[in-house]
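Next up, input_38.txt (compact mmCIF, C-alpha atoms):
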```txt
# COMPACT_ATOMS: atom_id res chain seq x y z
CA MET A 1 56.02 72.91 92.56
CA VAL A 2 54.54 69.44 92.86
CA THR A 3 53.84 70.04 96.53
CA ALA A 4 52.13 73.31 95.74
CA LEU A 5 50.03 71.60 93.05
CA LEU A 6 49.02 68.83 95.45
CA LEU A 7 48.13 71.31 98.17
CA GLN A 8 46.14 73.40 95.73
CA SER A 9 44.10 70.42 94.60
CA THR A 10 43.51 69.00 98.11
CA VAL A 11 43.77 71.31 101.11
CA PHE A 12 43.02 74.58 99.35
CA ALA A 13 40.19 72.95 97.44
CA GLN A 14 38.30 72.93 100.74
CA VAL A 15 39.30 76.38 101.93
CA LYS A 16 37.72 78.70 99.41
CA LEU A 17 37.14 82.43 99.41
CA ALA A 18 33.60 83.05 98.22
CA GLY A 19 33.94 80.00 95.98
CA ALA A 20 37.43 80.81 94.59
CA GLN A 21 40.62 78.87 95.19
CA PRO A 22 44.14 80.33 95.42
CA GLU A 23 46.38 80.00 92.37
CA LEU A 24 49.58 78.81 93.99
CA MET A 25 51.42 78.41 90.66
CA TYR A 26 50.93 82.12 89.98
CA LEU A 27 52.10 82.97 93.47
CA ILE A 28 55.27 80.88 93.15
CA THR A 29 56.05 82.17 89.65
CA ILE A 30 55.61 85.82 90.59
CA VAL A 31 57.67 85.49 93.77
CA MET A 32 60.47 83.65 91.94
CA ALA A 33 60.43 86.31 89.22
CA MET A 34 60.66 89.02 91.90
CA LEU A 35 63.60 87.34 93.56
CA GLU A 36 65.52 85.99 90.58
CA GLY A 37 64.61 88.11 87.60
CA PRO A 38 62.83 87.69 84.26
CA ALA A 39 64.70 84.65 82.96
CA VAL A 40 64.13 82.55 86.06
CA GLY A 41 60.60 83.91 86.27
CA ALA A 42 59.82 82.82 82.71
CA VAL A 43 61.29 79.35 83.24
CA ALA A 44 59.50 78.96 86.58
CA GLY A 45 56.26 80.07 84.96
CA PHE A 46 56.64 77.67 82.07
CA THR A 47 57.42 74.76 84.37
CA ALA A 48 54.63 75.60 86.80
CA GLY A 49 52.10 76.13 84.03
CA LEU A 50 53.01 72.95 82.23
CA GLY A 51 52.93 71.02 85.50
CA GLN A 52 49.48 72.36 86.29
CA ASP A 53 48.21 71.56 82.80
CA PHE A 54 49.41 67.96 82.89
CA LEU A 55 49.04 67.04 86.56
CA LEU A 56 45.59 68.56 86.92
CA ASP A 57 44.52 67.47 83.42
CA GLN A 58 43.66 70.93 82.13
CA PRO A 59 43.89 72.17 78.48
CA LYS A 60 47.57 71.74 77.71
CA GLY A 61 49.81 74.69 77.17
CA ILE A 62 47.56 77.59 78.12
CA ASN A 63 48.73 77.86 81.72
CA ALA A 64 52.31 77.40 80.54
CA LEU A 65 51.93 80.31 78.12
CA ALA A 66 50.20 82.57 80.65
CA LEU A 67 52.64 81.86 83.45
CA THR A 68 55.68 82.22 81.17
CA LEU A 69 54.55 85.70 80.20
CA VAL A 70 53.60 86.60 83.79
CA GLY A 71 56.96 85.45 85.08
CA TYR A 72 58.84 87.42 82.41
CA ALA A 73 56.69 90.55 82.93
CA VAL A 74 57.13 90.53 86.71
CA GLY A 75 60.88 90.04 86.30
CA GLN A 76 61.02 93.06 84.00
CA VAL A 77 58.83 95.21 86.24
CA ARG A 78 60.77 94.55 89.39
CA GLN A 79 63.93 95.94 87.80
CA TYR A 80 62.26 99.33 87.83
CA ILE A 81 61.28 99.15 91.50
CA VAL A 82 64.11 100.98 93.24
CA THR A 83 62.95 100.86 96.85
CA PRO A 84 60.59 97.98 97.39
CA GLY A 85 58.23 98.38 100.34
CA PRO A 86 56.77 95.63 102.53
CA LEU A 87 53.60 95.61 100.47
CA THR A 88 55.39 95.34 97.12
CA PRO A 89 55.26 91.52 96.95
CA VAL A 90 51.59 91.52 98.00
CA LEU A 91 50.61 94.05 95.36
CA LEU A 92 52.64 92.40 92.60
CA VAL A 93 51.23 88.96 93.41
CA GLY A 94 47.65 90.25 93.56
CA GLY A 95 47.91 92.34 90.41
CA PHE A 96 49.69 89.85 88.18
CA THR A 97 47.54 86.94 89.39
CA ALA A 98 44.46 88.78 88.16
CA ILE A 99 46.17 89.69 84.84
CA GLY A 100 47.39 86.13 84.36
CA ILE A 101 43.99 84.56 84.98
CA LEU A 102 42.32 87.01 82.61
CA PHE A 103 44.93 86.23 79.94
CA TYR A 104 44.29 82.53 80.48
CA GLY A 105 40.56 83.14 80.08
CA LEU A 106 41.14 85.07 76.85
CA VAL A 107 43.28 82.35 75.28
CA ALA A 108 40.86 79.62 76.43
CA PHE A 109 37.98 81.60 74.95
CA LEU A 110 39.79 81.94 71.61
CA LEU A 111 40.36 78.21 71.56
CA GLY A 112 36.77 77.47 72.57
CA GLN A 113 37.88 75.91 75.84
CA LEU A 114 36.38 78.42 78.25
CA GLY A 115 33.39 76.85 79.96
CA THR A 116 32.27 79.90 81.95
CA GLY A 117 30.96 83.39 81.26
CA PHE A 118 33.03 86.57 81.21
CA LEU A 119 31.60 87.87 84.48
CA PHE A 120 32.45 84.62 86.26
CA LEU A 121 35.99 84.85 84.88
CA LEU A 122 36.30 88.41 86.18
CA ARG A 123 34.99 87.38 89.58
CA THR A 124 37.34 84.39 89.77
CA ALA A 125 40.33 86.50 88.74
CA PHE A 126 39.52 89.11 91.37
CA LEU A 127 38.91 86.65 94.22
CA SER A 128 41.93 84.47 93.37
CA ALA A 129 44.10 87.58 93.24
CA ILE A 130 42.94 88.59 96.72
CA TYR A 131 43.44 85.07 98.02
CA ASN A 132 46.98 84.96 96.59
CA ALA A 133 47.72 88.39 98.04
CA VAL A 134 46.60 87.19 101.48
CA LEU A 135 48.83 84.11 101.25
CA THR A 136 51.88 86.09 100.06
CA PRO A 137 53.09 87.25 103.50
CA LEU A 138 53.02 83.60 104.61
CA LEU A 139 54.71 82.04 101.60
CA TYR A 140 57.08 84.80 100.49
CA PRO A 141 59.63 84.18 103.31
CA VAL A 142 59.56 80.44 102.62
CA LEU A 143 60.09 80.87 98.88
CA LYS A 144 62.78 83.44 99.50
CA ARG A 145 64.69 80.94 101.61
CA VAL A 146 64.32 78.28 98.95
CA ALA A 147 65.58 80.65 96.28
CA GLU A 148 68.55 81.75 98.38
CA ALA A 149 69.45 78.17 99.20
CA SER A 150 69.50 77.19 95.53
CA ARG A 151 71.39 80.26 94.45
CA ALA A 152 75.14 80.28 94.03
CA SER A 153 77.03 83.02 95.94
CA ARG A 154 76.84 86.32 94.02
CA VAL A 155 75.96 90.00 94.41
CA HIS A 156 72.52 90.56 95.94
CA ARG A 157 70.30 92.46 93.49
CA TRP A 158 68.02 94.28 95.89
CA MET B 1 77.87 94.54 76.78
CA ALA B 2 77.39 91.75 79.26
CA ILE B 3 74.08 93.26 80.32
CA TYR B 4 72.98 93.55 76.67
CA LYS B 5 73.94 89.92 76.05
CA ARG B 6 72.02 88.81 79.12
CA GLU B 7 68.95 90.81 78.05
CA ARG B 8 69.12 89.27 74.57
CA SER B 9 69.51 85.73 75.86
CA THR B 10 66.57 86.28 78.26
CA ARG B 11 64.40 87.46 75.38
CA LEU B 12 65.43 84.48 73.29
CA LEU B 13 64.61 82.19 76.19
CA VAL B 14 61.16 83.74 76.65
CA VAL B 15 60.44 83.53 72.93
CA ALA B 16 61.46 79.87 72.93
CA LEU B 17 59.20 79.15 75.88
CA VAL B 18 56.27 81.02 74.32
CA VAL B 19 56.72 79.18 71.03
CA THR B 20 56.90 75.87 72.88
CA SER B 21 53.69 76.73 74.75
CA LEU B 22 51.95 77.60 71.48
CA MET B 23 53.10 74.32 69.95
CA ILE B 24 51.75 72.41 72.95
CA ILE B 25 48.43 74.28 72.69
CA THR B 26 48.20 73.46 68.98
CA LEU B 27 49.10 69.79 69.46
CA ASP B 28 46.55 69.42 72.24
CA PHE B 29 43.87 71.26 70.28
CA ARG B 30 44.38 69.21 67.15
CA GLY B 31 44.96 65.89 68.89
CA GLY B 32 41.98 66.14 71.21
CA GLN B 33 41.33 63.22 73.55
CA ARG B 34 43.21 60.81 71.27
CA GLY B 35 46.36 62.87 70.97
CA PRO B 36 49.69 62.08 72.64
CA LEU B 37 49.33 64.99 75.07
CA ALA B 38 45.96 63.74 76.29
CA ALA B 39 47.55 60.34 76.92
CA ALA B 40 50.34 62.03 78.85
CA GLY B 41 47.72 63.93 80.83
CA ARG B 42 45.90 60.73 81.71
CA LEU B 43 49.16 59.13 82.77
CA SER B 44 49.96 62.10 85.00
CA LEU B 45 46.51 61.90 86.51
CA ALA B 46 47.00 58.22 87.27
CA ILE B 47 50.26 59.05 89.04
CA ILE B 48 49.07 62.12 90.92
CA SER B 49 45.67 60.84 92.07
CA PRO B 50 46.98 58.48 94.78
CA LEU B 51 49.13 61.31 96.10
CA GLN B 52 46.14 63.62 96.12
CA GLU B 53 44.11 61.01 97.94
CA GLY B 54 46.78 60.54 100.59
CA ILE B 55 47.28 64.24 101.16
CA ALA B 56 43.54 64.84 101.24
CA LYS B 57 43.15 62.21 103.97
CA VAL B 58 45.94 63.72 106.04
CA PHE B 59 44.97 67.35 105.59
CA SER B 60 41.19 67.05 105.48
CA PRO B 61 40.83 67.97 109.19
CA VAL B 62 42.96 71.06 108.54
CA GLY B 63 40.95 72.00 105.52
CA ALA B 64 37.73 71.33 107.39
CA PHE B 65 38.91 73.50 110.28
CA PHE B 66 39.61 76.51 108.07
CA SER B 67 36.53 75.89 106.03
CA ASN B 68 34.40 75.82 109.18
CA LEU B 69 36.17 78.92 110.46
CA ALA B 70 35.36 80.76 107.29
CA ALA B 71 31.77 79.60 107.49
CA LEU B 72 31.41 80.47 111.18
CA GLY B 73 29.39 83.61 110.59
CA SER B 74 26.96 81.92 108.25
CA LEU B 75 26.83 78.88 110.53
CA ARG B 76 25.68 81.06 113.42
CA THR B 77 22.98 82.62 111.29
CA GLU B 78 21.90 79.26 109.98
CA ASN B 79 21.93 77.83 113.51
CA ALA B 80 19.64 80.59 114.72
CA ARG B 81 17.37 80.10 111.72
CA LEU B 82 17.22 76.33 112.25
CA ARG B 83 16.46 76.75 115.96
CA ALA B 84 13.59 79.08 115.14
CA GLU B 85 12.35 76.64 112.52
CA LEU B 86 12.63 73.77 115.00
CA ALA B 87 10.62 75.66 117.62
CA GLU B 88 8.00 76.39 114.97
CA LEU B 89 7.87 72.76 113.90
CA GLN B 90 7.62 71.54 117.48
CA GLY B 91 4.72 73.90 118.01
CA ALA B 92 3.10 72.65 114.83
CA GLN B 93 3.69 69.06 115.93
CA ALA B 94 2.03 69.70 119.27
CA GLU B 95 -0.87 71.26 117.39
CA ILE B 96 -1.08 68.25 115.11
CA LEU B 97 -1.13 65.87 118.07
CA GLU B 98 -3.93 67.88 119.58
CA TYR B 99 -5.86 67.79 116.33
CA GLU B 100 -5.31 64.04 116.07
CA ALA B 101 -6.66 63.54 119.57
CA ARG B 102 -9.64 65.72 118.75
CA ILE B 103 -10.27 63.83 115.52
CA ALA B 104 -10.15 60.54 117.41
CA GLU B 105 -12.62 61.90 119.95
CA LEU B 106 -15.01 63.19 117.31
CA THR B 107 -14.76 59.95 115.37
CA GLY B 108 -15.66 58.10 118.54
CA LEU B 109 -18.69 60.33 119.02
CA LEU B 110 -19.76 59.74 115.44
CA GLU B 111 -19.45 55.98 115.85
CA PHE B 112 -21.41 56.21 119.13
CA LYS B 113 -24.15 58.16 117.41
CA GLU B 114 -24.33 55.66 114.56
CA GLU B 115 -24.36 52.71 116.94
CA PHE B 116 -27.24 53.99 119.07
CA GLU B 117 -29.08 55.72 116.26
CA LEU B 118 -29.85 58.68 118.51
CA GLN B 119 -30.87 62.17 117.57
CA THR B 120 -28.06 64.23 118.98
CA ILE B 121 -26.33 67.57 118.73
CA GLY B 122 -22.64 68.06 119.26
CA ALA B 123 -21.37 70.37 121.97
CA THR B 124 -18.07 71.46 123.42
CA VAL B 125 -17.30 71.72 127.11
CA VAL B 126 -16.30 75.31 127.65
CA SER B 127 -15.71 75.35 131.38
CA GLU B 128 -15.91 73.41 134.58
CA VAL B 129 -18.17 74.88 137.26
CA PRO B 130 -15.83 75.99 140.03
CA SER B 131 -17.52 74.55 143.07
CA ASN B 132 -16.55 72.12 145.81
CA PHE B 133 -20.12 70.98 146.15
CA GLU B 134 -21.08 70.43 142.59
CA ALA B 135 -19.53 68.38 139.80
CA SER B 136 -20.76 69.97 136.60
CA VAL B 137 -19.59 71.54 133.37
CA THR B 138 -20.86 74.18 130.98
CA ILE B 139 -21.40 73.36 127.31
CA ASN B 140 -21.87 75.71 124.35
CA ARG B 141 -25.37 74.58 123.39
CA GLY B 142 -28.59 76.01 124.78
CA ALA B 143 -32.26 76.54 124.14
CA ALA B 144 -31.55 78.06 120.76
CA ASP B 145 -30.08 74.72 119.71
CA GLY B 146 -32.98 72.65 121.00
CA VAL B 147 -31.46 71.67 124.33
CA GLU B 148 -33.91 71.10 127.17
CA LEU B 149 -33.70 70.19 130.85
CA ASP B 150 -32.86 66.57 131.75
CA MET B 151 -31.49 65.74 128.32
CA PRO B 152 -28.73 63.11 128.55
CA VAL B 153 -25.20 64.05 127.65
CA VAL B 154 -22.83 61.38 126.38
CA ALA B 155 -19.25 61.05 125.14
CA ALA B 156 -17.64 58.41 122.94
CA GLU B 157 -16.69 56.37 126.02
CA GLY B 158 -20.13 56.52 127.57
CA LEU B 159 -22.44 58.49 129.87
CA VAL B 160 -21.39 61.98 130.97
CA GLY B 161 -24.46 63.29 132.80
CA ARG B 162 -27.63 65.27 132.17
CA VAL B 163 -28.63 68.85 131.49
CA VAL B 164 -29.73 70.64 134.66
CA GLN B 165 -29.78 74.25 133.54
CA VAL B 166 -30.45 75.79 130.13
CA ALA B 167 -29.71 79.28 128.83
CA GLU B 168 -30.12 80.57 125.31
CA HIS B 169 -26.70 79.42 124.10
CA TRP B 170 -25.25 77.63 127.11
CA SER B 171 -26.23 74.76 129.35
CA LYS B 172 -25.04 73.26 132.61
CA VAL B 173 -24.51 69.52 132.74
CA LEU B 174 -24.53 67.59 136.03
CA LEU B 175 -21.85 64.91 135.82
CA VAL B 176 -22.36 61.25 136.76
CA ILE B 177 -19.83 61.62 139.58
CA ASP B 178 -21.88 64.30 141.35
CA THR B 179 -23.52 63.19 144.61
CA ASP B 180 -26.86 64.44 143.38
CA HIS B 181 -26.71 62.41 140.21
CA ALA B 182 -28.41 59.03 139.98
CA VAL B 183 -29.09 56.76 137.02
CA HIS B 184 -30.99 53.49 136.73
CA ALA B 185 -28.32 51.01 135.68
CA ARG B 186 -28.04 47.38 134.62
CA LEU B 187 -25.33 44.77 135.02
CA ALA B 188 -24.48 43.62 131.51
CA SER B 189 -24.03 39.94 132.41
CA THR B 190 -26.94 39.20 134.76
CA ARG B 191 -29.14 42.08 133.60
CA GLU B 192 -29.89 42.84 137.25
CA THR B 193 -30.74 46.53 137.78
CA GLY B 194 -29.96 49.02 140.48
CA ILE B 195 -29.35 52.72 141.10
CA LEU B 196 -25.93 54.14 140.32
CA ARG B 197 -24.99 57.25 142.34
CA GLY B 198 -22.04 59.60 142.19
CA GLN B 199 -19.50 59.95 144.98
CA ARG B 200 -17.28 62.71 143.54
CA GLU B 201 -13.65 61.52 143.67
CA ARG B 202 -14.63 57.99 144.67
CA ASP B 203 -16.00 55.50 142.17
CA LEU B 204 -19.76 55.40 141.58
CA ARG B 205 -21.85 53.28 143.95
CA LEU B 206 -24.40 50.78 142.67
CA ASP B 207 -27.29 50.34 145.11
CA LEU B 208 -30.43 48.22 145.35
CA ILE B 209 -29.00 45.25 143.51
CA LEU B 210 -30.77 42.06 144.50
CA PRO B 211 -28.86 40.37 147.33
CA GLY B 212 -27.06 37.28 146.14
CA THR B 213 -26.60 38.56 142.62
CA PRO B 214 -23.23 37.40 141.40
CA VAL B 215 -21.12 40.46 140.64
CA GLN B 216 -17.51 40.34 139.54
CA PRO B 217 -15.01 43.16 139.13
CA GLY B 218 -14.59 44.04 135.48
CA GLU B 219 -18.25 43.61 134.69
CA GLN B 220 -19.84 46.23 132.41
CA VAL B 221 -22.58 48.52 133.77
CA VAL B 222 -24.94 50.20 131.30
CA THR B 223 -28.06 52.37 131.44
CA SER B 224 -31.28 50.40 131.75
CA GLY B 225 -33.53 53.03 130.20
CA GLN B 226 -36.10 52.54 132.96
CA ASP B 227 -35.67 55.98 134.49
CA GLY B 228 -37.16 57.66 131.43
CA ILE B 229 -34.17 59.97 131.11
CA TYR B 230 -31.30 57.96 129.64
CA PRO B 231 -31.57 55.72 126.58
CA PRO B 232 -30.88 52.07 127.38
CA GLY B 233 -27.54 50.40 126.71
CA ILE B 234 -25.24 53.37 127.12
CA GLY B 235 -22.05 52.37 128.89
CA ILE B 236 -21.53 53.95 132.29
CA GLY B 237 -18.57 52.15 133.79
CA VAL B 238 -16.93 48.97 134.96
CA VAL B 239 -17.31 47.26 138.35
CA SER B 240 -14.13 48.06 140.22
CA LEU B 241 -14.79 46.60 143.67
CA VAL B 242 -17.29 44.34 145.35
CA VAL B 243 -17.26 44.48 149.16
CA PRO B 244 -19.66 42.28 151.10
CA ASN B 245 -21.46 44.01 153.97
CA GLU B 246 -22.28 41.47 156.63
CA SER B 247 -24.58 43.74 158.59
CA THR B 248 -26.92 44.55 155.71
CA LEU B 249 -26.33 41.46 153.55
CA GLN B 250 -26.00 43.87 150.68
CA GLU B 251 -22.73 44.08 148.83
CA GLU B 252 -21.09 47.42 148.24
CA ILE B 253 -20.48 47.60 144.53
CA LEU B 254 -18.24 50.33 143.17
CA VAL B 255 -18.20 51.23 139.51
CA ARG B 256 -15.40 53.15 137.80
CA PRO B 257 -16.92 55.51 135.21
CA ASN B 258 -15.84 55.05 131.57
CA VAL B 259 -15.64 58.77 130.96
CA ASP B 260 -12.77 60.73 132.46
CA VAL B 261 -14.71 63.87 133.38
CA SER B 262 -11.51 65.83 133.96
CA ARG B 263 -10.65 65.55 130.24
CA LEU B 264 -14.02 66.27 128.68
CA SER B 265 -13.88 68.20 125.46
CA ASP B 266 -16.51 67.22 122.86
CA VAL B 267 -19.82 65.64 123.87
CA LEU B 268 -23.23 64.83 122.39
CA VAL B 269 -26.52 66.04 123.81
CA VAL B 270 -29.26 63.48 123.23
CA LEU B 271 -32.35 65.34 122.10
CA SER B 272 -35.60 64.12 123.54
CA GLY B 273 -36.93 62.80 120.20
CA GLY B 274 -34.01 60.41 119.91
CA LEU B 275 -34.73 58.80 123.25
CA LEU B 276 -37.90 57.18 121.97
CA GLU B 277 -36.17 55.90 118.83
CA GLY B 278 -33.08 54.59 120.63
CA SER B 279 -32.33 50.91 120.08
CA GLN B 280 -33.07 48.46 122.93
CA ARG B 281 -29.97 46.84 124.37
```
What does this structure look like when you write it as structure tokens?
Amino acid sequence: MVTALLLQSTVFAQVKLAGAQPELMYLITIVMAMLEGPAVGAVAGFTAGLGQDFLLDQPKGINALALTLVGYAVGQVRQYIVTPGPLTPVLLVGGFTAIGILFYGLVAFLLGQLGTGFLFLLRTAFLSAIYNAVLTPLLYPVLKRVAEASRASRVHRW
Amino acid sequence: MAIYKRERSTRLLVVALVVTSLMIITLDFRGGQRGPLAAAGRLSLAIISPLQEGIAKVFSPVGAFFSNLAALGSLRTENARLRAELAELQGAQAEILEYEARIAELTGLLEFKEEFELQTIGATVVSEVPSNFEASVTINRGAADGVELDMPVVAAEGLVGRVVQVAEHWSKVLLVIDTDHAVHARLASTRETGILRGQRERDLRLDLILPGTPVQPGEQVVTSGQDGIYPPGIGIGVVSLVVPNESTLQEEILVRPNVDVSRLSDVLVVLSGGLLEGSQR
């Protein structure tokens, strides 16, 4: 998580897609939720969100809330996917990244902490979702290995 | 039952996390920059910043590579645009240099006119007469402008020649270097006079100087005004060579003209009235 945060704030800060950066915390949370289920997804989201809020000095708690809910939602959704295709991770990452960023924007707006307009938020959500979706095929195998390595031996869910 | 218990515990976990998030949001919102969470944020920033700096230094070439790759298309377009702009600017610069040279030339003519207090009219050399036997140029002033035969033509550097043919709006000027051109000249130092004749590509030849007159290379040669054509005191050239001729006891004196006739552009035609009012030099 810390590595992902550092990479997001350094390397990926220079490699932008039409001005938008990838949201690696969303990517990690969604992938972990896909692999491990809603509980692990929620915890991963909370940890990632809180880490992003504190380490990148953003309004505290909002990312933690958004990512907790995203992680739980993805974990619940994936239980209903019987035969996952090769594009399933890409679509889930792209879709829930956009939803998560919009939710973040809504909460920040309610708290008076949103410094941009609604159209800019929409644009950022869309572009970040695409960016995350593009990175998914690269990072999904890596995260899958990490999850399998940390998992105790048990029945495979997929 | 086990599944139901797991579902319930997951929901409880999520609720706990959501409540914790809401509490953090509230604490941060109420505490502001002076709250404990803001202090924790600043501490985290102090810890993470050196790491960010180190990683940025290591990965900046990587980031720059991808960034440049992404910008390749726009870089090509911008490159083409900048090249076109550069070509345009270089053309404009060349034009500016030309204008500067022209301004300098015209300023020189103006100063010349003011110095000699002559009645003149400006003219531009439009062409060189294409002949092996005649050194002359055509200017864009003619009878309609008051130009007449035998009027002197000068440039900022000095004497150019005289008008030998006049049309309504054009005139032909015989240059000082032409073999048919001759002007009564004076050595600036000794004030001795002679006849200066053209020799085409060779320097002008000064004849009929009194034998024994001391002449040194580098000496100025000016018009004497005694031929009734050229006003006195107009610079013609500089003595370039003095060769004694033992058979005739007359030295061969060569004079390099001040005006480079191959680069003539703007000249002044001295109108007849000005000749009588020209200052004595």
### Query
Near region 105-113 of chain A, counting only C-alpha atoms, which residues have an atom at most 8 Å away, once you skip same-chain residues fewer than 2 positions from it, shown as a ChimeraX atom specification?
/A:59,62,101-103,115,121 /B:29
### Query
So how far away is CA of Asp266 (chain B) from CA of Ser224 (chain B), in Å?
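Distance between the two atoms: 24.1 Å.
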Would you kindly return, as a compact mmCIF listing (two decimals) with C-alpha atoms, keeping the file's coordinate frame, each protein, DNA or RNA residue with an atom no farther than 7 Å from any atom of Ala20 (chain A), considering all atoms listed in the file and excluding same-chain residues fewer than 6 positions away?
```txt
# COMPACT_ATOMS: atom_id res chain seq x y z
CA THR A 124 37.34 84.39 89.77
CA LEU A 127 38.91 86.65 94.22
CA SER A 128 41.93 84.47 93.37
```
### Message
Report, in Å with one decimal, the straight-line distance from CA of Gly100 (chain A) to CA of Gly37 (chain A).
### Response
17.6 Å
### Counting all atoms listed in the file, the residue of B:Lys113, B:His184, B:Arg202, B:Arg30 that sits nearest Ile229 (chain B)
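Between B:Lys113, B:His184, B:Arg202, B:Arg30, the residue approaching Ile229 (chain B) most closely is B:His184.
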### Task
To one decimal in Å, tell me the separation between CA of Gln119 (chain B) and CA of Val269 (chain B).
8.5 Å
### Polymer residues at most 7 Å from region 38-43 of chain A, only C-alpha atoms, same-chain spacing of 2 or more positions, as an MDAnalysis selection string
(chainID A and resid 29:30 32:33 36 45:47 68:69 71:76) or (chainID B and resid 10 14)
### Message
Give me the residues near Leu271 (chain B) as a VMD selection string, where near means some atom within 7 Å (using only C-alpha atoms) and where sequence neighbours in that chain fewer than 5 positions away do not count.
### Response
chain B and resid 119 to 120 147 151
### Task
Compare B:Pro152, B:Gly225, B:Pro36, B:Gly237 by their minimum atom-to-atom distance to Val270 (chain B), counting only C-alpha atoms, and give me the closest one.
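Using only C-alpha atoms, the shortest distance to Val270 (chain B) belongs to B:Pro152.
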